[in-house]
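Data block below; observations after.
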Amino acid sequence: MKAVLNPIFRDHMVLQADAPIRIFGEGDGNITVSLSGNTAEAVCKDGAFIAELPPMPAGGPYTVTVNIDGDVTTLDDVMIGQVYILAGQSNMQFRIADSAKETTVFDDNPMVRMYATARLEGADYMNPERGWVKCDKEVGNEWSAIGYDFGNLLQEKIGCAVGLITCFQGASIIESWMTEEVLASVGPALADEDKHIDHFQKPYSVWNGTAVLYNFVVKQIAPFVNAGVLWYQGESDTSVPEGKIYDKELAAMITLWRETFMQPKMPFTIIQIADFDPRRDEGWRAVQEAQLRMPEIIGDVCVVTSADVCESNEIHPPTKMLLAKKLVSAVL
């Protein structure tokens with residue numbers, strides 16, 4: 001198969017500032033990539049290629065030219081800025097249309113752009129075919145609410161482009177975000193009766209198997225260079241036995257993702273799951289406590305609490321703006 005670019009490389013994309021710029025894809029052939037006077041060459045190996053350009057400061061718009069065995073592709077309106085991965089389950093997926101809209105004060109902002117990965121449960125309005133979508137009032141309601149507020153608040157603070165890449169799936173268990181080998185390194189597998197019911201609910205079983213989302217979602221976008229991962233997950237791993245090992249599982253997953261993205265110190269900002277009155281039991285508290293311990297367990301990790309700014313009467317708290325403000329403070 002002739003070499004092709006990974007679908008994430010499209011018009012309007014945001015590349016990470018002040019870090020090596022990787023352009024990658026699959027197939028066979030010789031590749032030359034050019035950006036603002038810089039050129040990198042790559043030869044496919046084992047059906048894949050990575051061309052790496054030197055770091056550049058925030059700026060743009062630029063044009064990226066990719067030559068694959070004489071066939072030239074031009075990517076226009078490319079910005080260089082800060083890129084974050086929005087990862088986890090339904091509270092990260094939760095749309096702006098479903099949030100407390102009165103807290104949302106943004107409108108059109110072409111300096112904030114989102115790329116949505118494909119989802120196993122079917123196509124959303126936001127999907128890879130749309131490429132990098134600029135934030136505006138016509139599509140903003142379809143964005144992740146945390147992503148929308150975080151991206152706009154951060155862009156106001158730093159003044160350069162912000163790119164957001166989705167990597168979430170509602171009702172997903174942490175085991176689905178790592179390989180079988182990495183999960184086995186954590187310790188003996190839990191018996192089915194020791195796991196939360198989300199492990200077995202239909203249609204969740206489509207994506208809730210070990211390594212399913214790692215293989216289907218993470219590998220769609222790795223090793224795209226980024227400024228860090230915002231991780232909001234844990235509600236589906238809140239049995240008591242799971243709560244006792246969640247910190248080990250999350251640390252193992254972080255290490256795996258850093259290897260996969262070729263960023264050994266890729267920052268992770270963990271959003272502690274909020275209080276939820278009907279399920280504030282021992283297992284729920286154990287996951288919250290495990291998340292708080294993460295900076296002691298693994299480096300380049302910080303934790304943002306959500307219980308102090310989110311409603312506790314809904315598992316999907318509709319107020320996301322205050323949490324987004326805390327996230328911006330955490331990453332700056």
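So you can find residues: chains in the structure tokens are A, B, ... in the order shown, residues in each start at 1, and ligands are numbered from 1 in order.
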Apply DSSP to the backbone of this structure and, from region 64-247 of chain A, keep only the residues in alpha helix (DSSP H); write these as a PyMOL selection string.
chain A and resi 90-93+145-158+180-186+212-213+219-221+240-247
Using only C-alpha atoms, which residues sit within 9 Å of Met1 (chain A) once same-chain residues fewer than 2 positions away are excluded, as a tab-separated table (two decimals) with C-alpha atoms, in the first residue's frame?
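File produced: out-v3.tsv:
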```tsv
chain	number	residue	atom	x	y	z
A	3	ALA	CA	2.05	5.61	2.08
A	4	VAL	CA	-0.76	7.80	3.39
A	26	GLU	CA	1.20	4.19	7.13
A	27	GLY	CA	2.14	2.37	3.96
A	28	ASP	CA	5.23	2.19	1.78
A	29	GLY	CA	7.26	4.88	0.09
A	47	GLY	CA	4.50	-0.25	6.97
```
Could you please write out, as a list in words, every residue of region 125-309 of chain A that DSSP assigns to strand (DSSP E)?
Trp132, Val133, Lys134, Cys135, Val162, Gly163, Leu164, Ile165, Thr166, Cys167, Phe168, Gly228, Val229, Leu230, Trp231, Tyr232, Phe268, Thr269, Ile270, Ile271, Val301, Cys302, Val303 and Val304 of chain A
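CA of Gln201 (chain A) to CA of Arg95 (chain A) spans 22.5 Å [interatomic distance, one decimal].
The shortest atom-to-atom distance to Thr210 (chain A), with only C-alpha atoms taken into account, belongs to A:Ala189 out of A:Val240, A:Leu230, A:Ala189, A:Trp284.
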If you take only C-alpha atoms and a cut-off of 12 Å, which residues of region 202-250 of chain A touch region 48-70 of chain A, and what are their nearest atom pairs and distances in Å to one decimal, in chain and number order, as CSV?
```
residue,atom,partner,partner_atom,distance
A:Ala222,CA,A:Ile50,CA,10.9
A:Pro223,CA,A:Ile50,CA,9.1
A:Phe224,CA,A:Ile50,CA,10.2
A:Val225,CA,A:Glu52,CA,10.5
```
For Thr117 (chain A), please output as a count of residues only all residues within 9 Å (counting only C-alpha atoms; exclusion window: fewer than 5 positions along the same chain).
12
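In terms of minimum interatomic distance to Gln288 (chain A), A:Glu235 ranks closest within A:Glu235, A:Asp98, A:Asp107, A:Asp198, counting only C-alpha atoms.
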Within 8 Å of Leu322 (chain A), counting only C-alpha atoms, which residues qualify if same-chain residues fewer than 4 places away don't, as a count of residues only?
3
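Shortest atom-to-atom contact with Gly299 (chain A) among A:Phe268, A:Glu129, A:Glu41, A:Phe9: A:Phe268, counting only C-alpha atoms.
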Excluding Asp192 (chain A) and residues on its chain fewer than 5 positions from it, collect all residues at most 12 Å away from it, counting only C-alpha atoms, and give them as a ChimeraX atom specification.
/A:197-200,239,241-242
Requested write-out: N, CA and C atoms of the selected residues, as a PDB file, in the first residue's frame:
```pdb
ATOM      1  N   ILE A 197     -20.531  -3.006  37.572  1.00  0.00           N
ATOM      2  CA  ILE A 197     -21.462  -3.522  36.577  1.00  0.00           C
ATOM      3  C   ILE A 197     -21.211  -2.987  35.169  1.00  0.00           C
ATOM      4  N   ASP A 198     -20.592  -1.810  35.053  1.00  0.00           N
ATOM      5  CA  ASP A 198     -20.324  -1.252  33.717  1.00  0.00           C
ATOM      6  C   ASP A 198     -19.425  -2.153  32.874  1.00  0.00           C
ATOM      7  N   HIS A 199     -18.677  -3.034  33.513  1.00  0.00           N
ATOM      8  CA  HIS A 199     -17.835  -3.962  32.764  1.00  0.00           C
ATOM      9  C   HIS A 199     -18.669  -4.883  31.883  1.00  0.00           C
ATOM     10  N   PHE A 200     -19.930  -5.096  32.231  1.00  0.00           N
ATOM     11  CA  PHE A 200     -20.722  -6.141  31.582  1.00  0.00           C
ATOM     12  C   PHE A 200     -22.015  -5.630  30.949  1.00  0.00           C
ATOM     13  N   SER A 239     -16.106  -0.418  42.073  1.00  0.00           N
ATOM     14  CA  SER A 239     -16.324  -1.461  43.072  1.00  0.00           C
ATOM     15  C   SER A 239     -15.222  -1.326  44.124  1.00  0.00           C
ATOM     16  N   PRO A 241     -13.095  -3.643  45.352  1.00  0.00           N
ATOM     17  CA  PRO A 241     -11.810  -4.222  44.932  1.00  0.00           C
ATOM     18  C   PRO A 241     -11.118  -3.389  43.849  1.00  0.00           C
ATOM     19  N   GLU A 242     -11.887  -2.813  42.940  1.00  0.00           N
ATOM     20  CA  GLU A 242     -11.272  -1.982  41.892  1.00  0.00           C
ATOM     21  C   GLU A 242     -10.674  -0.715  42.490  1.00  0.00           C
TER      22      GLU A 242
END
```
Hey, what's within 8 Å of Pro110 (chain A) if we count only C-alpha atoms and toss same-chain stuff fewer than 6 positions away? As a count of residues only, please?
3
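Remark: for Ser312 (chain A), the closest of the candidate residues A:Arg279, A:Arg285, A:Arg130, A:Lys325 is A:Arg279 (distances computed over only C-alpha atoms).
Using only C-alpha atoms, the protein and nucleic acid residues lying no more than 8 Å from Ala290 (chain A), apart from those fewer than 5 places from it along its own chain, are Gly243, Lys244, Tyr246 and Asp247 of chain A.
CA of Tyr148 (chain A) is positioned 8.6 Å from CA of Phe106 (chain A).
The smallest atom-to-atom distance between Ala17 (chain A) and any of A:Gly88, A:Gly151, A:Gly81, A:Gly228, using only C-alpha atoms, is found for A:Gly81.
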